[in-house]
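Visitor: I'm passing along input-v4.txt; it holds compact mmCIF, C-alpha atoms.
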# COMPACT_ATOMS: atom_id res chain seq x y z
CA MET Q 1 90.59 -72.49 41.65
CA THR Q 2 88.71 -75.28 43.50
CA GLU Q 3 86.74 -77.86 41.60
CA SER Q 4 83.37 -76.42 40.61
CA PRO Q 5 80.11 -78.37 40.58
CA LEU Q 6 80.43 -78.56 36.80
CA ASP Q 7 83.63 -80.62 36.99
CA THR Q 8 83.22 -84.40 36.65
CA SER Q 9 85.62 -87.34 36.89
CA ALA Q 10 84.22 -88.75 33.69
CA ARG Q 11 85.52 -85.75 31.84
CA VAL Q 12 89.24 -86.52 31.67
CA LYS Q 13 89.99 -85.11 28.25
CA GLN Q 14 91.01 -81.42 28.20
CA PRO Q 15 89.53 -79.20 25.49
CA SER Q 16 91.76 -79.56 22.47
CA VAL Q 17 91.21 -75.92 21.53
CA ILE Q 18 92.58 -74.32 24.74
CA PRO Q 19 95.45 -71.89 23.88
CA GLU Q 20 98.03 -70.22 26.04
CA GLN Q 21 96.15 -66.88 26.09
CA GLN Q 22 92.77 -66.93 24.38
CA LYS Q 23 91.13 -68.78 21.55
CA VAL Q 24 87.96 -68.52 19.51
CA LEU Q 25 86.22 -71.80 20.36
CA THR Q 26 83.46 -71.70 17.79
CA SER Q 27 82.65 -69.51 14.84
CA ALA Q 28 79.34 -69.76 13.06
CA ASP Q 29 77.25 -67.63 10.83
CA ALA Q 30 75.64 -65.15 13.23
CA SER Q 31 72.84 -64.61 10.75
CA VAL Q 32 71.12 -67.79 11.98
CA TRP Q 33 70.99 -66.32 15.47
CA ASP Q 34 68.38 -63.72 16.32
CA VAL Q 35 70.93 -61.37 17.95
CA ASP Q 36 74.09 -60.27 16.15
CA ALA Q 37 76.50 -60.55 19.06
CA ALA Q 38 79.62 -62.35 20.21
CA LEU Q 39 80.02 -64.40 23.37
CA LEU Q 40 82.98 -64.07 25.72
CA LEU Q 41 83.66 -66.63 28.43
CA VAL Q 42 85.96 -65.40 31.21
CA GLU Q 43 86.86 -68.57 33.11
CA ASP Q 44 90.21 -70.02 34.20
CA ASP Q 45 88.97 -73.59 34.68
CA SER Q 46 89.27 -75.62 31.46
CA GLY Q 47 86.65 -78.17 32.55
CA ASP Q 48 84.05 -75.50 33.16
CA ALA Q 49 85.01 -73.85 29.87
CA LEU Q 50 84.40 -77.12 27.99
CA LEU Q 51 81.02 -77.61 29.65
CA VAL Q 52 79.92 -74.08 28.73
CA GLU Q 53 81.00 -74.68 25.14
CA GLU Q 54 79.04 -77.91 24.93
CA MET Q 55 75.92 -76.36 26.43
CA LEU Q 56 76.11 -73.50 23.93
CA THR Q 57 76.44 -76.06 21.15
CA ASP Q 58 73.33 -77.86 22.41
CA SER Q 59 71.37 -74.62 22.76
CA GLU Q 60 69.72 -72.76 19.91
CA LEU Q 61 72.44 -70.12 20.01
CA ASP Q 62 74.91 -70.02 17.19
CA ALA Q 63 77.44 -67.28 17.83
CA PRO Q 64 81.23 -67.01 18.04
CA LEU Q 65 82.57 -67.83 21.50
CA THR Q 66 85.88 -66.52 22.78
CA TRP Q 67 87.49 -67.89 25.94
CA CYS Q 68 89.77 -65.83 28.16
CA LYS Q 69 91.39 -67.13 31.34
CA THR Q 70 91.99 -63.79 33.07
CA MET Q 71 90.37 -60.40 33.39
CA ALA Q 72 93.36 -58.79 31.70
CA GLU Q 73 92.86 -60.98 28.61
CA ALA Q 74 89.15 -60.26 28.62
CA ARG Q 75 89.68 -56.51 28.76
CA ARG Q 76 92.11 -56.66 25.83
CA PHE Q 77 89.56 -58.60 23.81
CA LEU Q 78 86.74 -56.19 24.65
CA ARG Q 79 88.80 -53.16 23.69
CA GLY Q 80 89.13 -54.53 20.17
CA CYS Q 81 85.60 -55.91 19.82
CA ARG Q 82 83.30 -53.92 17.53
CA THR Q 83 80.12 -55.98 17.90
CA PRO Q 84 77.69 -56.40 20.82
CA VAL Q 85 79.08 -58.84 23.41
CA CYS Q 86 77.58 -61.01 26.10
CA VAL Q 87 80.16 -61.91 28.76
CA LEU Q 88 79.89 -65.09 30.84
CA LEU Q 89 81.97 -64.13 33.86
CA ASP Q 90 83.37 -66.41 36.55
CA LEU Q 91 83.99 -64.56 39.82
CA HIS Q 92 87.17 -66.47 40.78
CA LEU Q 93 89.92 -65.50 38.36
CA PRO Q 94 93.68 -65.48 38.87
CA ASP Q 95 93.93 -61.68 38.70
CA VAL Q 96 90.64 -60.60 40.30
CA SER Q 97 87.85 -62.19 42.28
CA GLY Q 98 84.38 -61.51 43.65
CA LEU Q 99 82.48 -58.34 42.90
CA ASP Q 100 85.69 -56.57 41.90
CA ALA Q 101 85.60 -58.67 38.74
CA VAL Q 102 82.13 -57.32 37.91
CA ARG Q 103 83.15 -53.73 38.61
CA GLN Q 104 86.27 -53.97 36.46
CA LEU Q 105 84.36 -55.52 33.58
CA VAL Q 106 81.51 -53.01 33.69
CA GLU Q 107 83.96 -50.10 33.86
CA SER Q 108 86.08 -51.35 30.96
CA ALA Q 109 83.15 -52.43 28.74
CA PRO Q 110 80.00 -50.53 29.76
CA ASP Q 111 78.11 -51.63 26.64
CA ALA Q 112 78.67 -55.37 27.21
CA ALA Q 113 75.93 -57.56 28.63
CA VAL Q 114 77.24 -59.51 31.64
CA ILE Q 115 76.09 -62.84 33.06
CA VAL Q 116 77.87 -63.88 36.24
CA LEU Q 117 78.61 -67.57 36.83
CA THR Q 118 78.43 -68.47 40.52
CA GLY Q 119 78.79 -71.57 42.67
CA LEU Q 120 75.91 -73.34 44.40
CA ASP Q 121 76.41 -71.37 47.61
CA GLU Q 122 76.89 -67.94 45.98
CA SER Q 123 73.32 -66.83 45.18
CA GLU Q 124 73.68 -63.72 47.33
CA THR Q 125 76.86 -62.87 45.48
CA GLY Q 126 75.00 -63.25 42.18
CA LEU Q 127 72.33 -60.80 43.31
CA SER Q 128 75.00 -58.37 44.41
CA ALA Q 129 76.67 -58.72 41.02
CA VAL Q 130 73.41 -57.69 39.32
CA ALA Q 131 73.30 -54.66 41.60
CA GLN Q 132 76.85 -53.84 40.45
CA GLY Q 133 75.78 -53.75 36.79
CA ALA Q 134 75.52 -57.35 35.59
CA GLN Q 135 72.35 -58.27 33.68
CA ASP Q 136 71.90 -61.73 35.22
CA TYR Q 137 73.60 -64.54 37.10
CA LEU Q 138 73.59 -68.32 36.68
CA VAL Q 139 74.46 -71.01 39.23
CA LYS Q 140 76.93 -73.37 37.62
CA GLY Q 141 75.42 -76.58 38.99
CA ARG Q 142 72.00 -75.68 37.61
CA ILE Q 143 72.83 -74.63 34.08
CA ASP Q 144 71.43 -76.46 31.08
CA PRO Q 145 71.50 -75.50 27.40
CA GLU Q 146 67.99 -74.02 27.40
CA VAL Q 147 68.61 -71.94 30.52
CA LEU Q 148 71.94 -70.70 29.18
CA GLY Q 149 70.53 -69.75 25.79
CA ARG Q 150 67.61 -67.93 27.31
CA ALA Q 151 69.87 -66.08 29.78
CA VAL Q 152 72.15 -64.89 26.99
CA ARG Q 153 69.23 -63.58 24.94
CA TYR Q 154 67.66 -61.87 27.93
CA ALA Q 155 70.95 -60.30 29.00
CA LEU Q 156 71.57 -58.85 25.55
CA GLN Q 157 68.03 -57.50 25.37
CA ARG Q 158 68.28 -55.98 28.86
CA LYS Q 159 71.56 -54.28 27.97
CA HIS Q 160 70.01 -52.98 24.73
CA ALA Q 161 67.04 -51.66 26.70
CA GLU Q 162 69.38 -50.01 29.22
CA ARG Q 163 71.33 -48.28 26.45
CA SER Q 164 68.11 -47.13 24.76
CA ALA Q 165 66.75 -45.78 28.04
CA ALA Q 166 70.04 -43.98 28.72
CA ALA Q 167 69.98 -42.48 25.22
CA MET Q 168 66.40 -41.29 25.76
CA ARG Q 169 67.34 -39.71 29.08
CA THR Q 170 70.26 -37.98 27.40
CA SER Q 171 68.00 -36.75 24.59
CA ARG Q 172 65.51 -35.39 27.11
CA LEU Q 173 68.27 -33.59 28.99
CA ILE Q 174 69.59 -32.11 25.74
CA ALA Q 175 66.08 -31.02 24.80
CA GLN Q 176 65.66 -29.36 28.19
CA GLU Q 177 69.00 -27.57 27.82
CA ASN Q 178 68.06 -26.45 24.31
CA ALA Q 179 64.73 -25.14 25.61
CA ARG Q 180 66.52 -23.14 28.30
CA LEU Q 181 68.97 -21.85 25.71
CA GLU Q 182 66.11 -20.91 23.40
CA ARG Q 183 64.40 -18.93 26.14
CA ALA Q 184 67.65 -17.08 26.77
CA LEU Q 185 68.33 -16.33 23.09
CA LEU Q 186 64.73 -15.50 22.22
CA PRO Q 187 63.58 -13.33 25.10
CA ILE Q 188 60.24 -11.75 25.75
CA PRO Q 189 60.50 -8.00 25.00
CA LEU Q 190 60.49 -5.91 28.15
CA LEU Q 191 57.97 -3.17 27.33
CA LEU Q 192 56.31 -0.88 29.86
CA ASP Q 193 53.16 -0.28 27.80
CA ASP Q 194 51.52 -1.31 24.54
CA GLY Q 195 52.59 1.75 22.56
CA PHE Q 196 55.44 -0.06 20.80
CA GLU Q 197 55.08 -3.14 18.60
CA VAL Q 198 57.66 -5.92 18.21
CA ALA Q 199 57.47 -8.87 15.83
CA ALA Q 200 60.38 -11.33 16.01
CA ARG Q 201 61.25 -14.57 14.27
CA TYR Q 202 64.10 -17.06 14.65
CA GLU Q 203 64.81 -20.00 12.34
CA ALA Q 204 67.69 -22.43 12.85
CA GLY Q 205 69.80 -23.14 9.77
CA ARG Q 206 69.72 -26.61 8.19
CA ALA Q 207 73.41 -27.25 8.96
CA HIS Q 208 72.87 -27.62 12.70
CA GLY Q 209 69.13 -27.52 13.43
CA LEU Q 210 69.59 -25.93 16.86
CA LEU Q 211 70.04 -22.41 18.06
CA SER Q 212 73.42 -20.82 17.50
CA GLY Q 213 74.90 -17.40 17.99
CA ASP Q 214 72.13 -15.14 16.62
CA PHE Q 215 70.47 -13.09 19.34
CA TYR Q 216 68.18 -10.12 19.85
CA ASP Q 217 66.38 -8.23 22.62
CA VAL Q 218 64.06 -5.26 23.16
CA VAL Q 219 63.83 -3.21 26.38
CA GLN Q 220 61.88 -0.07 27.26
CA THR Q 221 63.41 2.08 29.98
CA ALA Q 222 61.63 4.22 32.55
CA ASP Q 223 62.00 7.38 30.43
CA GLY Q 224 59.87 5.77 27.70
CA ALA Q 225 62.71 5.12 25.24
CA VAL Q 226 62.78 1.74 23.54
CA HIS Q 227 66.17 0.05 23.08
CA ALA Q 228 66.79 -2.87 20.73
CA VAL Q 229 69.70 -5.06 19.72
CA ILE Q 230 70.32 -7.75 17.14
CA GLY Q 231 73.59 -9.66 16.81
CA ASP Q 232 75.30 -12.63 15.26
CA VAL Q 233 78.24 -14.53 16.77
CA SER Q 234 80.40 -16.18 14.11
CA GLY Q 235 80.29 -19.96 13.93
CA HIS Q 236 77.68 -22.53 14.86
CA GLY Q 237 77.43 -24.61 17.98
CA ALA Q 238 76.85 -24.63 21.70
CA ALA Q 239 79.81 -22.36 22.47
CA GLU Q 240 78.60 -19.70 20.04
CA ALA Q 241 75.04 -19.98 21.35
CA ALA Q 242 76.23 -19.58 24.93
CA LEU Q 243 78.27 -16.55 23.92
CA GLY Q 244 75.22 -15.06 22.20
CA VAL Q 245 73.22 -15.49 25.42
CA CYS Q 246 76.03 -13.87 27.39
CA LEU Q 247 76.09 -10.85 25.06
CA ARG Q 248 72.31 -10.47 25.10
CA VAL Q 249 72.13 -10.55 28.89
CA ALA Q 250 75.03 -8.11 29.13
CA TRP Q 251 73.30 -5.74 26.69
CA ARG Q 252 70.03 -5.82 28.66
CA THR Q 253 71.89 -5.22 31.91
CA ALA Q 254 73.77 -2.27 30.43
CA VAL Q 255 70.58 -0.70 29.10
CA LEU Q 256 68.71 -1.08 32.38
CA THR Q 257 71.60 0.45 34.32
CA GLY Q 258 71.81 3.50 32.06
CA VAL Q 259 75.00 2.77 30.10
CA SER Q 260 75.12 4.82 26.90
CA GLN Q 261 74.64 3.26 23.47
CA LEU Q 262 78.28 3.46 22.35
CA GLU Q 263 79.65 2.49 25.75
CA THR Q 264 77.42 -0.59 25.63
CA ILE Q 265 78.95 -1.68 22.32
CA GLY Q 266 82.43 -1.35 23.78
CA LEU Q 267 81.33 -3.34 26.81
CA LEU Q 268 79.96 -6.10 24.57
CA GLU Q 269 83.33 -6.35 22.81
CA GLU Q 270 85.15 -6.66 26.12
CA ILE Q 271 82.82 -9.46 27.20
CA LEU Q 272 83.13 -11.26 23.86
CA VAL Q 273 86.93 -11.20 24.03
CA ALA Q 274 86.88 -12.45 27.61
CA GLU Q 275 84.35 -15.23 27.03
CA ARG Q 276 85.11 -16.56 23.55
CA SER Q 277 86.76 -19.96 23.28
CA ASP Q 278 88.61 -19.14 20.06
CA PRO Q 279 90.46 -15.88 19.32
CA HIS Q 280 89.00 -15.89 15.79
CA VAL Q 281 85.39 -15.65 17.01
CA PHE Q 282 83.77 -12.28 16.37
CA ALA Q 283 80.28 -10.82 16.47
CA THR Q 284 78.29 -8.31 14.45
CA VAL Q 285 75.80 -6.11 16.30
CA THR Q 286 73.28 -3.37 15.63
CA THR Q 287 71.77 -1.39 18.51
CA LEU Q 288 68.89 1.08 18.27
CA VAL Q 289 67.32 3.62 20.58
CA PHE Q 290 63.81 4.93 19.86
CA PRO Q 291 63.43 8.12 21.95
CA PRO Q 292 59.95 8.70 23.37
CA GLY Q 293 59.39 11.57 20.94
CA ARG Q 294 58.77 8.94 18.21
CA ASP Q 295 60.29 11.11 15.47
CA ARG Q 296 63.74 9.55 15.17
CA VAL Q 297 65.84 6.49 15.90
CA LEU Q 298 69.51 6.30 16.88
CA VAL Q 299 71.41 3.49 15.15
CA ALA Q 300 74.87 2.12 16.00
CA ARG Q 301 76.30 -0.67 13.84
CA ALA Q 302 79.31 -2.91 14.46
CA GLY Q 303 79.82 -4.84 11.24
CA HIS Q 304 76.17 -5.86 11.02
CA PRO Q 305 74.06 -5.76 7.81
CA GLY Q 306 71.89 -2.77 7.01
CA LEU Q 307 68.17 -2.62 7.74
CA LEU Q 308 64.83 -2.18 6.02
CA LEU Q 309 62.88 1.04 6.54
CA ARG Q 310 59.11 0.75 6.00
CA ARG Q 311 56.98 3.83 5.32
CA GLY Q 312 53.41 2.94 4.48
CA THR Q 313 53.61 0.33 1.71
CA GLU Q 314 57.11 1.38 0.63
CA VAL Q 315 60.20 -0.52 1.72
CA ASP Q 316 63.70 0.97 1.42
CA TRP Q 317 67.16 -0.22 2.33
CA SER Q 318 69.01 1.85 4.93
CA GLU Q 319 72.74 1.63 5.49
CA PRO Q 320 73.68 3.69 8.57
CA GLU Q 321 77.38 4.26 9.14
CA ALA Q 322 79.05 1.11 10.43
CA GLY Q 323 82.08 0.40 12.56
CA MET Q 324 84.16 -2.72 12.93
CA ALA Q 325 82.66 -6.03 14.08
CA LEU Q 326 83.30 -6.88 17.72
CA GLY Q 327 86.43 -8.88 18.44
CA LEU Q 328 88.23 -8.47 15.09
CA LEU Q 329 90.74 -5.97 16.48
CA PRO Q 330 89.85 -5.61 20.16
CA GLY Q 331 90.06 -2.02 21.33
CA ALA Q 332 90.49 -0.59 17.83
CA GLY Q 333 86.80 -0.33 16.94
CA ARG Q 334 85.34 3.09 16.25
CA TRP Q 335 81.57 3.18 16.32
CA THR Q 336 79.26 6.09 15.66
CA ILE Q 337 75.59 6.85 16.06
CA THR Q 338 73.46 7.61 13.02
CA GLU Q 339 70.18 9.43 13.51
CA LEU Q 340 67.37 8.41 11.18
CA GLU Q 341 64.17 10.42 10.87
CA LEU Q 342 60.97 8.51 11.59
CA LEU Q 343 57.84 9.80 9.95
CA PRO Q 344 54.54 8.72 11.51
CA GLY Q 345 53.93 5.06 10.76
CA SER Q 346 57.58 4.31 9.95
CA GLU Q 347 58.91 0.91 11.01
CA LEU Q 348 62.34 -0.73 10.98
CA VAL Q 349 63.23 -4.34 10.18
CA LEU Q 350 66.54 -5.76 11.38
CA PHE Q 351 67.89 -9.21 10.52
CA THR Q 352 70.97 -11.38 10.55
CA ASP Q 353 72.76 -12.25 7.31
CA GLY Q 354 71.28 -15.75 7.18
CA LEU Q 355 68.13 -14.17 5.71
CA PHE Q 356 69.81 -13.08 2.45
CA GLU Q 357 72.83 -15.39 2.13
CA GLY Q 358 70.87 -18.45 1.02
CA ARG Q 359 71.59 -19.77 -2.47
CA THR Q 360 69.04 -19.06 -5.22
CA GLY Q 361 71.08 -20.79 -7.93
CA PRO Q 362 74.19 -22.95 -8.39
CA SER Q 363 76.43 -19.87 -8.09
CA SER Q 364 74.11 -17.13 -6.87
CA ARG Q 365 72.68 -15.93 -3.56
CA LEU Q 366 69.65 -13.82 -2.69
CA GLY Q 367 71.82 -10.93 -1.51
CA GLU Q 368 70.76 -7.57 -0.14
CA GLU Q 369 69.25 -6.35 -3.42
CA GLY Q 370 67.25 -9.54 -3.77
CA LEU Q 371 66.01 -9.21 -0.20
CA LEU Q 372 64.90 -5.63 -0.83
CA ALA Q 373 63.03 -6.64 -3.98
CA MET Q 374 61.38 -9.47 -2.09
CA ALA Q 375 60.40 -7.17 0.79
CA GLY Q 376 58.85 -4.69 -1.64
CA LYS Q 377 56.22 -7.27 -2.59
CA TYR Q 378 54.95 -7.44 0.98
CA GLY Q 379 54.85 -3.74 1.85
CA ALA Q 380 51.12 -3.82 2.57
CA LEU Q 381 51.39 -6.58 5.20
CA GLY Q 382 51.34 -6.04 8.94
CA PRO Q 383 54.46 -6.61 11.05
CA ARG Q 384 53.99 -10.31 11.84
CA ALA Q 385 52.81 -11.25 8.36
CA PHE Q 386 55.65 -9.22 6.80
CA VAL Q 387 58.29 -11.04 8.83
CA ASP Q 388 56.75 -14.46 8.15
CA ALA Q 389 56.53 -13.73 4.41
CA LEU Q 390 60.22 -12.73 4.23
CA VAL Q 391 61.38 -15.86 6.02
CA ALA Q 392 59.06 -18.12 4.02
CA GLU Q 393 60.16 -16.82 0.60
CA ALA Q 394 63.85 -16.78 1.55
CA THR Q 395 63.52 -20.37 2.71
CA GLU Q 396 61.59 -21.43 -0.40
CA SER Q 397 64.03 -19.79 -2.80
CA ALA Q 398 66.96 -21.57 -1.14
CA SER Q 399 65.28 -24.97 -0.78
CA PRO Q 400 66.32 -26.33 -4.24
CA TYR Q 401 69.93 -25.60 -3.30
CA GLY Q 402 70.08 -27.09 0.19
CA GLY Q 403 67.99 -24.57 2.11
CA LEU Q 404 69.13 -21.79 4.41
CA ALA Q 405 72.51 -22.82 5.77
CA ASP Q 406 72.70 -20.17 8.47
CA ASP Q 407 70.44 -19.13 11.31
CA VAL Q 408 67.93 -16.38 10.61
CA ALA Q 409 66.80 -13.78 13.14
CA VAL Q 410 64.37 -11.02 12.14
CA LEU Q 411 63.20 -8.14 14.32
CA HIS Q 412 60.37 -5.81 13.24
CA LEU Q 413 60.10 -2.63 15.34
CA GLY Q 414 57.86 0.43 15.37
CA TRP Q 415 55.63 2.73 17.36
CA LYS Q 416 51.93 1.98 17.16
CA ALA Q 417 49.70 4.68 15.73
CA ALA Q 418 48.36 6.99 18.42
CA SER Q 419 44.76 6.18 19.25
Taking this structure as input, can you express it in the form of structure tokens?

Guide:
Amino acid sequence: MTESPLDTSARVKQPSVIPEQQKVLTSADASVWDVDAALLLVEDDSGDALLVEEMLTDSELDAPLTWCKTMAEARRFLRGCRTPVCVLLDLHLPDVSGLDAVRQLVESAPDAAVIVLTGLDESETGLSAVAQGAQDYLVKGRIDPEVLGRAVRYALQRKHAERSAAAMRTSRLIAQENARLERALLPIPLLLDDGFEVAARYEAGRAHGLLSGDFYDVVQTADGAVHAVIGDVSGHGAAEAALGVCLRVAWRTAVLTGVSQLETIGLLEEILVAERSDPHVFATVTTLVFPPGRDRVLVARAGHPGLLLRRGTEVDWSEPEAGMALGLLPGAGRWTITELELLPGSELVLFTDGLFEGRTGPSSRLGEEGLLAMAGKYGALGPRAFVDALVAEATESASPYGGLADDVAVLHLGWKAAS
């Protein structure tokens, strides 16, 4: 490397602390500095290294300084560093030079703040280095302790601001994706008229706080029949949520194209097996068809919990015949249709198991009987208030024991009284 403007003939003594590879030049209590960070000087000229050390000593900064002579040494140091770092980078190193040095450093340590050290005639290069990802550049012949200290502080703050802004952008993107996922999991019922009433509720479990594999949908076909589905994919996470969306969309498509109720369940199992990321993932599903005659409902269950049947102010538990959950033994499931009579004013309430599996004591859960007893207290409420009351009391009863750990989906369905 040629003599830099920082070199001087009066400085004949070499730094006594220069090692063969790298050496910590100073170590001080970082608590007296306003930023908890380490400094790394990447410079192969020992004279320039000594000058930088002395200027840091004369500045108000008091932080550990490590000196590396090559980019390879610097990258090894950065890989093992667990604290914020500000790198003072010379652009003329034995193993890399120019803007390539900036690119390599930014790629290997994207969280490090970088200040490029340039010669008197390299201002344009310094600006280009900032465009490549450095936070600042300093001209060697114009550095003094105050300028150096201020540049280090500013570089660290800029890097912190960049990381915060990037985290906020990531959070916004995640929020947008979650919103899209929520719209897919929690669809608007597709009803042709106002003769059928739907009240739905979804609550994310405390363990994950975002939507998972619970799903539901309601569709009315051209013949006037109302079709409904509720399901629960095992597990929690983005993969299960995506699979739940896939199954819901497939169900709606099958209904709108005239596929029969049992054939639709078989189709859902085929899709689950094809799309699941783990062979142990399964799903429980209940599908219903309300014929336009309004006097009955056809229920097909695949491992899903029973349902509540409301008649006036009375609430009963109904357990239609159930087949195997989807995906447990692909192709071996045998599902049947149970026909339930619907007296005028009858309504059905479907739900996922998160509603009754919450703990109500150190070794007890609400359970199906507890849910039925709870529902009986709210028999006089309308559909929306009934659903809200169930979710509220289930949540309250579980709150002393960690809250509801699983997602909760509730679907209240029934024909409106003829006007």

Visitor: What lies within 8 Å of Leu288 of chain Q using all atoms listed in the file, ignoring chain neighbours under 2 positions off, as a JSON list (two decimals) with C-alpha atoms, in the coordinates of the input?

Guide:
[["chain", "number", "residue", "atom", "x", "y", "z"],
["Q", 227, "HIS", "CA", 66.17, 0.05, 23.08],
["Q", 228, "ALA", "CA", 66.79, -2.87, 20.73],
["Q", 229, "VAL", "CA", 69.70, -5.06, 19.72],
["Q", 286, "THR", "CA", 73.28, -3.37, 15.63],
["Q", 290, "PHE", "CA", 63.81, 4.93, 19.86],
["Q", 297, "VAL", "CA", 65.84, 6.49, 15.90],
["Q", 298, "LEU", "CA", 69.51, 6.30, 16.88],
["Q", 299, "VAL", "CA", 71.41, 3.49, 15.15],
["Q", 300, "ALA", "CA", 74.87, 2.12, 16.00]]

Visitor: From the list Q:Trp317, Q:Tyr137, Q:Phe386, Q:Tyr216, which residue is nearest Cys246 of chain Q when using only C-alpha atoms?

Guide: Q:Tyr216

Visitor: When distances are computed from all atoms listed in the file, which of Q:Cys68, Q:Leu355, Q:Val96, Q:Ala373 shows the smallest separation from Asp407 of chain Q?

Guide: Q:Leu355

Visitor: Please determine, counting only C-alpha atoms, which residue among Q:Glu369, Q:Asp136, Q:Glu263, Q:Glu270 has the shortest atom-to-atom distance to Leu308 of chain Q.

Guide: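 Of the candidates, the smallest distance to Leu308 of chain Q is held by Q:Glu369.
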
Visitor: One decimal, Å: what's the distance from atom CA of Thr57 of chain Q over to atom CA of Phe77 of chain Q, could you say?

Guide: 22.0 Å

Visitor: Which residue gives the smallest distance to Asp90 of chain Q among Q:Glu341, Q:Asp194, Q:Glu43, Q:Glu60, with only C-alpha atoms counted?

Guide: Q:Glu43

Visitor: Please report the interatomic distance between atom CA of Gly306 of chain Q and atom CA of Val408 of chain Q in Å with one decimal.

Guide: 14.6 Å

Visitor: When distances are computed from only C-alpha atoms, which of Q:Ala239, Q:Val410, Q:Leu56, Q:Leu381 shows the smallest separation from Thr313 of chain Q?

Guide: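 Looking only at the distances to Thr313 of chain Q, the closest residue turns out to be Q:Leu381.
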
Visitor: Could you check the closest approach to Arg150 of chain Q for each of Q:Val273, Q:Leu105, Q:Met55, Q:Ala74 and tell me which residue wins, using all atoms listed in the file?

Guide: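 For Arg150 of chain Q, the nearest of the given residues is Q:Met55.
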
Visitor: For Ala225 of chain Q, please output as a PyMOL selection string all residues within 6 Å (counting only C-alpha atoms; exclusion window: fewer than 2 positions along the same chain).

Guide: chain Q and resi 220-221+223+290-292

Visitor: Leaving out segment 336-339 of chain Q and any residue of its chain fewer than 6 positions from it, which residues lie within 10 Å of it when counting only C-alpha atoms, given as a PyMOL selection string?

Guide: chain Q and resi 261-262+287-289+296-302+319-323

Visitor: Within 8 Å of Gly370 of chain Q, counting only C-alpha atoms, which residues show up once you throw out same-chain ones fewer than 4 positions away? Write them as a PyMOL selection string, please.

Guide: chain Q and resi 356+366+374

Visitor: As an exercise, work out the distance from atom CA of Asp58 of chain Q to atom CA of His160 of chain Q in Å and give it to one decimal place.

Guide: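 Taking atom CA of Asp58 of chain Q as the start and atom CA of His160 of chain Q as the end point, the length is 25.2 Å.
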
Visitor: Set the distance at 12 Å and use all atoms listed in the file: which residues neighbour Thr253 of chain Q once local chain neighbours fewer than 4 positions away are removed? I'd like the list as a ChimeraX atom specification.

Guide: /Q:217-219,221,227,246-249,257-260,264,267-268

Visitor: Show me the residues around (80.5, -55.0, 22.7) - criterion: an atom at most 10 Å away, only C-alpha atoms counted - as an mmCIF file with C-alpha atoms, keeping the file's coordinate frame.

Guide:
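Dumped to selection-v1.cif:
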data_model
loop_
_atom_site.group_PDB
_atom_site.id
_atom_site.type_symbol
_atom_site.label_atom_id
_atom_site.label_comp_id
_atom_site.auth_asym_id
_atom_site.auth_seq_id
_atom_site.Cartn_x
_atom_site.Cartn_y
_atom_site.Cartn_z
ATOM 1 C CA ALA Q 37 76.500 -60.550 19.060
ATOM 2 C CA ALA Q 38 79.620 -62.350 20.210
ATOM 3 C CA LEU Q 39 80.020 -64.400 23.370
ATOM 4 C CA LEU Q 40 82.980 -64.070 25.720
ATOM 5 C CA PHE Q 77 89.560 -58.600 23.810
ATOM 6 C CA LEU Q 78 86.740 -56.190 24.650
ATOM 7 C CA ARG Q 79 88.800 -53.160 23.690
ATOM 8 C CA GLY Q 80 89.130 -54.530 20.170
ATOM 9 C CA CYS Q 81 85.600 -55.910 19.820
ATOM 10 C CA ARG Q 82 83.300 -53.920 17.530
ATOM 11 C CA THR Q 83 80.120 -55.980 17.900
ATOM 12 C CA PRO Q 84 77.690 -56.400 20.820
ATOM 13 C CA VAL Q 85 79.080 -58.840 23.410
ATOM 14 C CA CYS Q 86 77.580 -61.010 26.100
ATOM 15 C CA VAL Q 87 80.160 -61.910 28.760
ATOM 16 C CA ALA Q 109 83.150 -52.430 28.740
ATOM 17 C CA PRO Q 110 80.000 -50.530 29.760
ATOM 18 C CA ASP Q 111 78.110 -51.630 26.640
ATOM 19 C CA ALA Q 112 78.670 -55.370 27.210
ATOM 20 C CA ALA Q 113 75.930 -57.560 28.630
#
